[in-house]
file structure_24.txt (compact mmCIF, C-alpha atoms)
# COMPACT_ATOMS: atom_id res chain seq x y z
CA MET M 1 -14.94 29.52 0.77
CA MET M 2 -12.96 26.74 2.35
CA ILE M 3 -13.44 25.55 5.91
CA PRO M 4 -10.02 25.84 7.61
CA ALA M 5 -8.16 22.61 8.22
CA SER M 6 -8.01 23.29 11.96
CA HIS M 7 -11.78 22.80 12.26
CA TYR M 8 -11.51 19.30 10.80
CA LEU M 9 -8.54 18.54 13.02
CA ILE M 10 -10.40 19.56 16.17
CA VAL M 11 -13.34 17.32 15.17
CA ALA M 12 -10.87 14.48 14.64
CA PHE M 13 -9.19 15.06 18.03
CA VAL M 14 -12.55 15.02 19.83
CA LEU M 15 -13.55 11.86 17.93
CA PHE M 16 -10.29 10.18 18.98
CA SER M 17 -10.89 11.07 22.63
CA ILE M 18 -14.45 9.73 22.47
CA GLY M 19 -13.06 6.47 21.14
CA LEU M 20 -10.52 6.35 23.96
CA LEU M 21 -13.32 6.96 26.48
CA GLY M 22 -15.19 4.02 24.98
CA VAL M 23 -12.17 1.73 25.22
CA PHE M 24 -11.85 2.48 28.94
CA THR M 25 -15.54 2.40 29.91
CA ARG M 26 -17.00 -0.42 27.83
CA ARG M 27 -17.19 -3.90 29.31
CA ASN M 28 -18.39 -5.71 26.19
CA THR M 29 -15.44 -6.92 24.07
CA ILE M 30 -17.25 -6.19 20.79
CA LEU M 31 -17.98 -2.62 21.82
CA VAL M 32 -14.35 -2.11 22.83
CA LEU M 33 -13.44 -3.08 19.26
CA LEU M 34 -16.10 -0.63 18.02
CA SER M 35 -14.45 2.18 20.03
CA ILE M 36 -11.09 1.29 18.48
CA GLU M 37 -12.75 1.69 15.07
CA LEU M 38 -13.82 5.20 16.08
CA MET M 39 -10.18 6.03 16.84
CA PHE M 40 -9.11 4.62 13.44
CA ASN M 41 -11.67 6.87 11.78
CA ALA M 42 -10.39 9.95 13.58
CA VAL M 43 -6.95 9.25 12.12
CA ASN M 44 -8.46 8.76 8.64
CA LEU M 45 -10.10 12.17 8.94
CA ILE M 46 -6.71 13.70 9.79
CA PHE M 47 -5.14 12.00 6.73
CA VAL M 48 -7.82 13.31 4.38
CA THR M 49 -7.66 16.80 5.91
CA PHE M 50 -3.91 17.05 5.38
CA SER M 51 -4.36 15.68 1.87
CA ARG M 52 -6.55 18.65 1.04
CA SER M 53 -4.43 21.10 2.99
CA TRP M 54 -1.22 20.12 1.22
CA GLY M 55 -2.84 19.85 -2.19
CA ASN M 56 -1.78 16.29 -3.00
CA LEU M 57 -3.44 12.90 -2.83
CA ASP M 58 -0.97 10.92 -0.70
CA GLY M 59 -3.10 11.38 2.42
CA GLN M 60 -6.13 9.87 0.71
CA VAL M 61 -4.08 6.82 -0.31
CA ALA M 62 -2.92 6.47 3.30
CA ALA M 63 -6.55 6.65 4.47
CA LEU M 64 -7.47 3.86 2.04
CA PHE M 65 -4.63 1.69 3.38
CA SER M 66 -5.71 2.40 6.94
CA MET M 67 -9.27 1.30 6.12
CA ALA M 68 -8.02 -2.01 4.70
CA ILE M 69 -5.92 -2.61 7.83
CA ALA M 70 -8.97 -1.78 9.98
CA ALA M 71 -11.05 -4.35 8.10
CA ALA M 72 -8.40 -7.04 8.65
CA GLU M 73 -8.10 -6.08 12.31
CA VAL M 74 -11.86 -6.34 12.87
CA ALA M 75 -12.03 -9.77 11.21
CA VAL M 76 -9.29 -11.20 13.44
CA GLY M 77 -10.53 -9.35 16.54
CA LEU M 78 -14.08 -10.66 16.22
CA ALA M 79 -12.77 -14.20 15.66
CA ILE M 80 -10.85 -13.86 18.93
CA ALA M 81 -14.02 -12.54 20.62
CA ILE M 82 -15.88 -15.68 19.46
CA LEU M 83 -13.07 -17.86 20.84
CA LEU M 84 -13.18 -16.06 24.19
CA PHE M 85 -16.93 -16.48 24.36
CA ARG M 86 -16.61 -20.17 23.60
CA SER M 87 -14.13 -20.76 26.42
CA ARG M 88 -15.71 -18.48 29.08
CA GLN M 89 -19.39 -18.14 28.04
CA THR M 90 -19.10 -14.37 28.43
CA ILE M 91 -17.62 -11.43 26.56
CA ASP M 92 -17.28 -9.15 29.57
CA VAL M 93 -13.69 -7.89 29.54
CA ALA M 94 -13.62 -7.81 33.36
CA GLU M 95 -14.01 -11.62 33.39
CA PHE M 96 -10.85 -12.26 31.39
CA ASN M 97 -8.45 -12.20 34.32
CA SER M 98 -7.19 -15.79 34.46
CA LEU M 99 -3.58 -14.60 34.20
CA LYS M 100 -4.10 -12.94 37.58
CA ASP M 101 -4.97 -16.14 39.46
CA MET C 1 -21.51 28.35 1.90
CA LEU C 2 -23.23 25.00 1.40
CA ASP C 3 -19.97 23.32 2.39
CA GLN C 4 -19.89 25.19 5.67
CA ILE C 5 -23.50 24.36 6.58
CA ALA C 6 -22.88 20.70 5.74
CA PHE C 7 -19.64 20.69 7.73
CA TYR C 8 -21.20 22.04 10.92
CA ILE C 9 -24.32 19.83 10.68
CA PHE C 10 -22.47 16.60 9.93
CA SER C 11 -19.60 17.11 12.34
CA GLY C 12 -22.22 17.68 15.04
CA VAL C 13 -24.01 14.49 14.03
CA LEU C 14 -20.67 12.67 13.92
CA LEU C 15 -19.59 13.65 17.42
CA LEU C 16 -23.05 13.17 18.94
CA SER C 17 -23.54 9.71 17.46
CA ALA C 18 -19.99 8.69 18.41
CA LEU C 19 -20.68 9.77 21.98
CA LEU C 20 -23.95 7.82 21.98
CA ALA C 21 -22.16 4.80 20.53
CA VAL C 22 -19.79 4.65 23.50
CA THR C 23 -22.39 5.46 26.18
CA LEU C 24 -25.63 3.66 25.25
CA ARG C 25 -26.22 0.53 27.27
CA HIS C 26 -27.91 -1.54 24.58
CA PRO C 27 -25.20 -2.98 22.24
CA VAL C 28 -27.38 -2.98 19.10
CA TYR C 29 -28.30 0.68 19.57
CA SER C 30 -24.68 1.61 20.00
CA ILE C 31 -23.71 -0.24 16.80
CA LEU C 32 -26.48 1.63 14.95
CA CYS C 33 -25.13 4.94 16.31
CA PHE C 34 -21.75 3.87 14.95
CA LEU C 35 -23.44 3.49 11.54
CA ALA C 36 -24.72 7.08 11.75
CA SER C 37 -21.26 8.36 12.64
CA MET C 38 -19.70 6.50 9.70
CA PHE C 39 -22.14 8.09 7.28
CA SER C 40 -21.47 11.59 8.65
CA LEU C 41 -17.74 10.95 8.39
CA ALA C 42 -18.24 9.98 4.73
CA VAL C 43 -19.95 13.34 4.21
CA LEU C 44 -16.95 15.11 5.76
CA PHE C 45 -14.68 13.22 3.33
CA PHE C 46 -16.97 14.22 0.47
CA ILE C 47 -16.80 17.92 1.38
CA GLN C 48 -13.00 17.65 1.25
CA LYS C 49 -13.18 16.27 -2.31
CA ALA C 50 -12.07 12.78 -1.27
CA TYR C 51 -14.91 11.21 -3.29
CA PHE C 52 -13.37 7.78 -3.66
CA VAL C 53 -12.43 7.57 0.03
CA ALA C 54 -15.98 8.61 0.97
CA VAL C 55 -17.52 5.83 -1.13
CA ILE C 56 -15.06 3.27 0.23
CA GLN C 57 -15.84 4.50 3.74
CA ILE C 58 -19.54 3.72 3.25
CA THR C 59 -18.85 0.39 1.53
CA VAL C 60 -16.27 -0.90 3.99
CA TYR C 61 -17.55 0.48 7.30
CA ALA C 62 -21.32 0.60 6.78
CA GLY C 63 -21.33 -2.39 4.46
CA ALA C 64 -18.75 -4.85 5.73
CA ILE C 65 -17.50 -4.01 9.23
CA LEU C 66 -20.88 -3.02 10.66
CA VAL C 67 -22.57 -6.17 9.37
CA LEU C 68 -19.72 -8.22 10.83
CA PHE C 69 -20.18 -6.54 14.23
CA LEU C 70 -23.95 -7.12 14.22
CA PHE C 71 -23.50 -10.69 13.01
CA VAL C 72 -21.05 -11.61 15.76
CA LEU C 73 -23.18 -9.84 18.37
CA MET C 74 -26.23 -11.87 17.30
CA LEU C 75 -24.16 -15.05 17.14
CA ILE C 76 -22.88 -14.94 20.71
CA GLY C 77 -25.94 -13.26 22.17
CA TYR C 78 -25.94 -10.03 24.08
CA GLU C 79 -27.37 -8.63 27.24
CA LYS C 80 -27.88 -5.02 28.15
CA GLU C 81 -25.24 -3.74 30.50
CA GLN C 82 -26.71 -3.87 33.97
CA ARG C 83 -25.71 -0.40 35.06
CA ALA C 84 -24.66 2.68 33.17
CA PHE C 85 -20.90 3.10 33.44
CA TRP C 86 -21.07 6.35 35.36
CA THR C 87 -22.51 4.54 38.38
CA ASN C 88 -18.96 3.43 39.19
CA PRO C 89 -17.29 6.77 40.01
CA VAL C 90 -13.69 5.50 40.19
CA ARG C 91 -13.85 3.83 36.80
CA PHE C 92 -15.74 6.71 35.23
CA GLY C 93 -13.39 9.32 36.66
CA PHE C 94 -10.36 7.38 35.46
CA ALA C 95 -11.74 7.02 31.92
CA VAL C 96 -12.85 10.64 31.61
CA THR C 97 -9.53 11.88 32.96
CA LEU C 98 -7.58 9.82 30.44
CA ALA C 99 -9.80 10.90 27.53
CA ALA C 100 -9.53 14.55 28.55
CA LEU C 101 -5.75 14.23 28.92
CA SER C 102 -5.47 12.77 25.43
CA LEU C 103 -7.58 15.59 24.01
CA ILE C 104 -5.44 18.20 25.77
CA GLY C 105 -2.27 16.46 24.61
CA LEU C 106 -3.43 16.37 21.00
CA LEU C 107 -4.40 20.03 21.07
CA TRP C 108 -1.04 20.90 22.63
CA ILE C 109 0.82 18.99 19.90
CA TYR C 110 -1.28 20.80 17.31
CA ARG C 111 -0.49 24.17 18.86
CA THR C 112 3.26 23.54 18.96
CA VAL C 113 4.03 21.72 15.70
CA GLY C 114 0.71 22.00 13.85
CA ALA C 115 1.40 25.50 12.58
CA THR C 116 4.26 24.19 10.46
CA LEU C 117 2.10 21.38 9.06
CA VAL C 118 -1.05 23.25 8.12
CA VAL C 119 -0.54 25.52 5.15
CA ALA C 120 -1.69 29.02 5.97
CA GLN C 121 -5.17 29.75 4.72
CA GLY C 122 -4.10 32.43 2.24
CA GLN C 123 -1.60 30.28 0.35
CA ALA C 124 -3.48 26.97 0.49
CA GLN C 125 -3.77 25.53 -2.96
CA ASP C 126 -7.17 23.88 -3.00
CA LEU C 127 -7.39 20.49 -4.68
CA PRO C 128 -8.85 20.58 -8.19
CA LEU C 129 -12.42 19.33 -8.48
CA GLN C 130 -11.40 15.99 -9.98
CA ALA C 131 -8.69 15.34 -7.38
CA GLY C 132 -10.32 12.62 -5.31
CA SER C 133 -11.81 10.70 -8.24
CA ILE C 134 -11.15 6.99 -8.74
CA GLN C 135 -8.98 7.80 -11.75
CA SER C 136 -6.46 10.01 -9.99
CA VAL C 137 -6.35 8.02 -6.75
CA GLY C 138 -6.04 4.77 -8.71
CA ARG C 139 -3.21 6.18 -10.80
CA LEU C 140 -1.29 7.04 -7.64
CA LEU C 141 -2.14 3.66 -6.09
CA PHE C 142 -0.82 1.67 -9.05
CA ASN C 143 2.31 3.70 -9.70
CA GLN C 144 3.88 5.22 -6.63
CA TYR C 145 2.22 2.96 -4.05
CA LEU C 146 2.24 -0.31 -5.99
CA LEU C 147 4.39 -2.27 -3.54
CA PRO C 148 2.43 -1.30 -0.38
CA PHE C 149 -0.78 -2.00 -2.28
CA GLU C 150 0.30 -5.53 -3.15
CA LEU C 151 1.59 -6.13 0.39
CA LEU C 152 -1.81 -5.04 1.66
CA SER C 153 -3.44 -7.84 -0.30
CA LEU C 154 -1.11 -10.24 1.49
CA VAL C 155 -2.16 -8.76 4.85
CA LEU C 156 -5.82 -9.27 3.97
CA LEU C 157 -5.12 -12.87 2.91
CA VAL C 158 -3.38 -13.56 6.22
CA ALA C 159 -6.31 -11.99 8.10
CA ILE C 160 -8.83 -14.17 6.23
CA ILE C 161 -6.87 -17.36 6.91
CA GLY C 162 -6.25 -16.33 10.51
CA SER C 163 -9.89 -15.63 11.30
CA VAL C 164 -11.06 -18.86 9.66
CA VAL C 165 -8.51 -20.89 11.63
CA LEU C 166 -9.37 -19.08 14.89
CA ALA C 167 -13.11 -19.50 14.52
CA LYS C 168 -12.92 -23.22 13.73
CA LYS C 169 -14.55 -25.53 16.26
CA GLU C 170 -11.45 -27.36 17.47
CA LEU C 171 -8.13 -25.62 17.31
call {"tool": "encode", "arguments": {"input": "structure_24.txt", "output": "structure tokens"}}
result
Amino acid sequence: MMIPASHYLIVAFVLFSIGLLGVFTRRNTILVLLSIELMFNAVNLIFVTFSRSWGNLDGQVAALFSMAIAAAEVAVGLAIAILLFRSRQTIDVAEFNSLKD
Amino acid sequence: MLDQIAFYIFSGVLLLSALLAVTLRHPVYSILCFLASMFSLAVLFFIQKAYFVAVIQITVYAGAILVLFLFVLMLIGYEKEQRAFWTNPVRFGFAVTLAALSLIGLLWIYRTVGATLVVAQGQAQDLPLQAGSIQSVGRLLFNQYLLPFELLSLVLLVAIIGSVVLAKKEL
């Protein structure tokens, strides 16, 4: 007895929206990056679901690629967070408004 | 039957811990909730016979990315957020509205074009038991997807060099 693909897709949609909520509510730069990771994972779940639904493995390969890109993105993003902290002594995203002044 | 029980339990855990990860005020707690959601997502991959992807999910997210997050958080120090985010009604309303709109939009896209993408339940050919093993995924990775795979190693190299250069003391 298979669970229908739509169940997985709805879980993935809700996960994506939770990640989006985190991006807009969080003030800590690191936790904004964490919310972006949640959105990445929702997309991976969609890839794997369609891989099973279509009966081939291409979706799983795409999910693996997406994970590697996410790892690279986190490494660069956290390095930028360290740089921001070094220049401003804070990682609150609301403080990074120097372009405004 | 076991699949269904596992699906409902672990998707519940996944969504609950993801929600806690974006709402808890203490940063370390929210990273640990992220860990729980990554493990439940690995279980969902495992139920769908994506065994290799599930293992890589645990290794990369729980092993590498999570440790990196915790490490950087400890390095630059953290303080608890002073107020929960829902104390600012304008900000909270804006964020919830956008998230709800995205959810509605995704469901609408699924309703309009999703029916053509998802194979009907009766004619779905389930993956064979060995489908998601390292052998079959690796065979696909090194034949059909060889060029993207090699390009990906270049991307990772650039990311390593980039983060080392960025994090150096003087730029």
call {"tool": "closest_atom_pairs", "arguments": {"input": "structure_24.txt", "of": "chain M", "to": "chain C", "cutoff": "8 Å", "atoms": "only C-alpha atoms", "output": "CSV"}}
result
residue,atom,partner,partner_atom,distance
M:Met1,CA,C:Met1,CA,6.8
M:Met2,CA,C:Asp3,CA,7.8
M:Ile3,CA,C:Gln4,CA,6.5
M:Pro4,CA,C:Gln121,CA,6.9
M:Ala5,CA,C:Val118,CA,7.1
M:Ser6,CA,C:Val118,CA,7.9
M:Ile10,CA,C:Leu107,CA,7.8
M:Val11,CA,C:Ser11,CA,6.9
M:Phe13,CA,C:Leu103,CA,6.2
M:Val14,CA,C:Leu103,CA,6.5
M:Leu15,CA,C:Leu15,CA,6.3
M:Phe16,CA,C:Leu103,CA,7.9
M:Ser17,CA,C:Ala99,CA,5.0
M:Ile18,CA,C:Leu19,CA,6.2
M:Gly19,CA,C:Val22,CA,7.4
M:Leu20,CA,C:Ala99,CA,5.8
M:Leu21,CA,C:Ala99,CA,5.4
M:Gly22,CA,C:Val22,CA,4.9
M:Phe24,CA,C:Ala95,CA,5.4
M:Thr25,CA,C:Ala95,CA,6.3
M:Arg26,CA,C:Val22,CA,7.2
M:Ile30,CA,C:Phe69,CA,7.2
M:Leu31,CA,C:Pro27,CA,7.2
M:Leu34,CA,C:Ile31,CA,7.7
M:Ser35,CA,C:Val22,CA,6.8
M:Leu38,CA,C:Ala18,CA,7.5
M:Leu45,CA,C:Phe45,CA,7.3
M:Val48,CA,C:Phe45,CA,6.9
M:Thr49,CA,C:Gln48,CA,7.1
M:Phe50,CA,C:Val118,CA,7.4
M:Arg52,CA,C:Leu127,CA,6.1
M:Ser53,CA,C:Val119,CA,6.3
M:Trp54,CA,C:Val119,CA,6.7
M:Gly55,CA,C:Leu127,CA,5.2
M:Asn56,CA,C:Leu127,CA,7.2
M:Leu57,CA,C:Val137,CA,6.9
M:Asp58,CA,C:Leu140,CA,8.0
M:Gln60,CA,C:Val53,CA,6.7
M:Val61,CA,C:Leu141,CA,6.9
M:Ala63,CA,C:Val53,CA,7.4
M:Leu64,CA,C:Val53,CA,6.5
M:Phe65,CA,C:Leu152,CA,7.5
M:Met67,CA,C:Val60,CA,7.6
M:Ala68,CA,C:Leu152,CA,7.5
M:Ile69,CA,C:Leu156,CA,7.7
M:Ala71,CA,C:Ile65,CA,6.6
M:Ala72,CA,C:Ala159,CA,5.4
M:Glu73,CA,C:Ala159,CA,7.5
M:Val74,CA,C:Ile65,CA,7.1
M:Ala75,CA,C:Ser163,CA,6.2
M:Val76,CA,C:Ser163,CA,5.0
M:Leu78,CA,C:Val72,CA,7.0
M:Ala79,CA,C:Ser163,CA,5.4
M:Ile80,CA,C:Leu166,CA,6.8
M:Ile82,CA,C:Ala167,CA,6.8
M:Leu83,CA,C:Ala167,CA,6.5
M:Phe85,CA,C:Ile76,CA,7.1
call {"tool": "residues_around", "arguments": {"input": "structure_24.txt", "residues": "Thr29 in chain M", "least_positions_apart": "4", "cutoff": "9 Å", "atoms": "all atoms listed in the file", "output": "list in words"}}
result
Leu33, Leu34, Leu78, Ala81, Ile91, Asp92 and Val93 of chain M
call {"tool": "axis_aligned_box", "arguments": {"input": "structure_24.txt", "around": "range 27-33 of chain C", "padding_each_side": "6 Å", "output": "lines of an AutoDock Vina configuration file"}}
result
center_x = -26.0
center_y = 1.0
center_z = 18.6
size_x = 16.6
size_y = 19.9
size_z = 19.3
call {"tool": "atom_distance", "arguments": {"input": "structure_24.txt", "atom1": "CA of Ala12 in chain M", "atom2": "CA of Asn41 in chain M"}}
result
8.2 Å
call {"tool": "atom_distance", "arguments": {"input": "structure_24.txt", "atom1": "CA of Pro89 in chain C", "atom2": "CA of Glu37 in chain M"}}
result
25.9 Å
call {"tool": "atom_distance", "arguments": {"input": "structure_24.txt", "atom1": "CA of Cys33 in chain C", "atom2": "CA of Ser17 in chain C"}}
result
5.2 Å
call {"tool": "build_atoms", "arguments": {"input": "structure_24.txt", "residues": "range 28-57 of chain M", "atoms": "N, CA and C atoms", "output": "CSV table (one decimal), in the frame of the given file"}}
result
chain,number,residue,atom,x,y,z
M,28,ASN,N,-18.1,-4.7,27.2
M,28,ASN,CA,-18.4,-5.7,26.2
M,28,ASN,C,-17.2,-5.7,25.2
M,29,THR,N,-16.6,-6.9,24.9
M,29,THR,CA,-15.4,-6.9,24.1
M,29,THR,C,-15.7,-6.3,22.7
M,30,ILE,N,-16.9,-6.7,22.1
M,30,ILE,CA,-17.2,-6.2,20.8
M,30,ILE,C,-17.3,-4.7,20.8
M,31,LEU,N,-17.9,-4.1,21.8
M,31,LEU,CA,-18.0,-2.6,21.8
M,31,LEU,C,-16.6,-1.9,22.1
M,32,VAL,N,-15.7,-2.7,22.7
M,32,VAL,CA,-14.4,-2.1,22.8
M,32,VAL,C,-13.7,-2.0,21.4
M,33,LEU,N,-13.9,-3.1,20.6
M,33,LEU,CA,-13.4,-3.1,19.3
M,33,LEU,C,-14.1,-1.9,18.5
M,34,LEU,N,-15.4,-1.7,18.7
M,34,LEU,CA,-16.1,-0.6,18.0
M,34,LEU,C,-15.5,0.7,18.4
M,35,SER,N,-15.1,0.9,19.6
M,35,SER,CA,-14.4,2.2,20.0
M,35,SER,C,-13.1,2.3,19.4
M,36,ILE,N,-12.4,1.2,19.2
M,36,ILE,CA,-11.1,1.3,18.5
M,36,ILE,C,-11.3,1.7,17.0
M,37,GLU,N,-12.4,1.3,16.4
M,37,GLU,CA,-12.8,1.7,15.1
M,37,GLU,C,-13.0,3.2,15.0
M,38,LEU,N,-13.6,3.7,16.0
M,38,LEU,CA,-13.8,5.2,16.1
M,38,LEU,C,-12.5,5.9,16.1
M,39,MET,N,-11.5,5.4,16.8
M,39,MET,CA,-10.2,6.0,16.8
M,39,MET,C,-9.5,5.9,15.5
M,40,PHE,N,-9.6,4.8,14.8
M,40,PHE,CA,-9.1,4.6,13.4
M,40,PHE,C,-9.7,5.7,12.5
M,41,ASN,N,-11.0,5.9,12.7
M,41,ASN,CA,-11.7,6.9,11.8
M,41,ASN,C,-11.2,8.3,12.0
M,42,ALA,N,-10.9,8.6,13.3
M,42,ALA,CA,-10.4,10.0,13.6
M,42,ALA,C,-9.1,10.2,12.8
M,43,VAL,N,-8.2,9.1,12.8
M,43,VAL,CA,-7.0,9.2,12.1
M,43,VAL,C,-7.2,9.4,10.6
M,44,ASN,N,-8.2,8.6,10.1
M,44,ASN,CA,-8.5,8.8,8.6
M,44,ASN,C,-8.9,10.2,8.3
M,45,LEU,N,-9.7,10.8,9.2
M,45,LEU,CA,-10.1,12.2,8.9
M,45,LEU,C,-8.9,13.1,8.9
M,46,ILE,N,-7.9,12.9,9.8
M,46,ILE,CA,-6.7,13.7,9.8
M,46,ILE,C,-5.9,13.5,8.5
M,47,PHE,N,-5.8,12.3,8.0
M,47,PHE,CA,-5.1,12.0,6.7
M,47,PHE,C,-5.8,12.8,5.6
M,48,VAL,N,-7.1,12.7,5.5
M,48,VAL,CA,-7.8,13.3,4.4
M,48,VAL,C,-7.7,14.8,4.5
M,49,THR,N,-7.8,15.4,5.7
M,49,THR,CA,-7.7,16.8,5.9
M,49,THR,C,-6.3,17.3,5.4
M,50,PHE,N,-5.2,16.6,5.8
M,50,PHE,CA,-3.9,17.0,5.4
M,50,PHE,C,-3.7,16.9,3.9
M,51,SER,N,-4.4,15.8,3.3
M,51,SER,CA,-4.4,15.7,1.9
M,51,SER,C,-4.9,16.9,1.2
M,52,ARG,N,-6.0,17.5,1.7
M,52,ARG,CA,-6.6,18.6,1.0
M,52,ARG,C,-5.7,19.9,1.4
M,53,SER,N,-5.2,19.9,2.6
M,53,SER,CA,-4.4,21.1,3.0
M,53,SER,C,-3.1,21.2,2.2
M,54,TRP,N,-2.5,20.1,1.9
M,54,TRP,CA,-1.2,20.1,1.2
M,54,TRP,C,-1.4,20.1,-0.3
M,55,GLY,N,-2.6,19.8,-0.8
M,55,GLY,CA,-2.8,19.8,-2.2
M,55,GLY,C,-2.3,18.7,-2.9
M,56,ASN,N,-2.1,17.5,-2.3
M,56,ASN,CA,-1.8,16.3,-3.0
M,56,ASN,C,-2.6,15.1,-2.4
M,57,LEU,N,-2.5,14.0,-3.1
M,57,LEU,CA,-3.4,12.9,-2.8
M,57,LEU,C,-2.9,11.8,-1.9
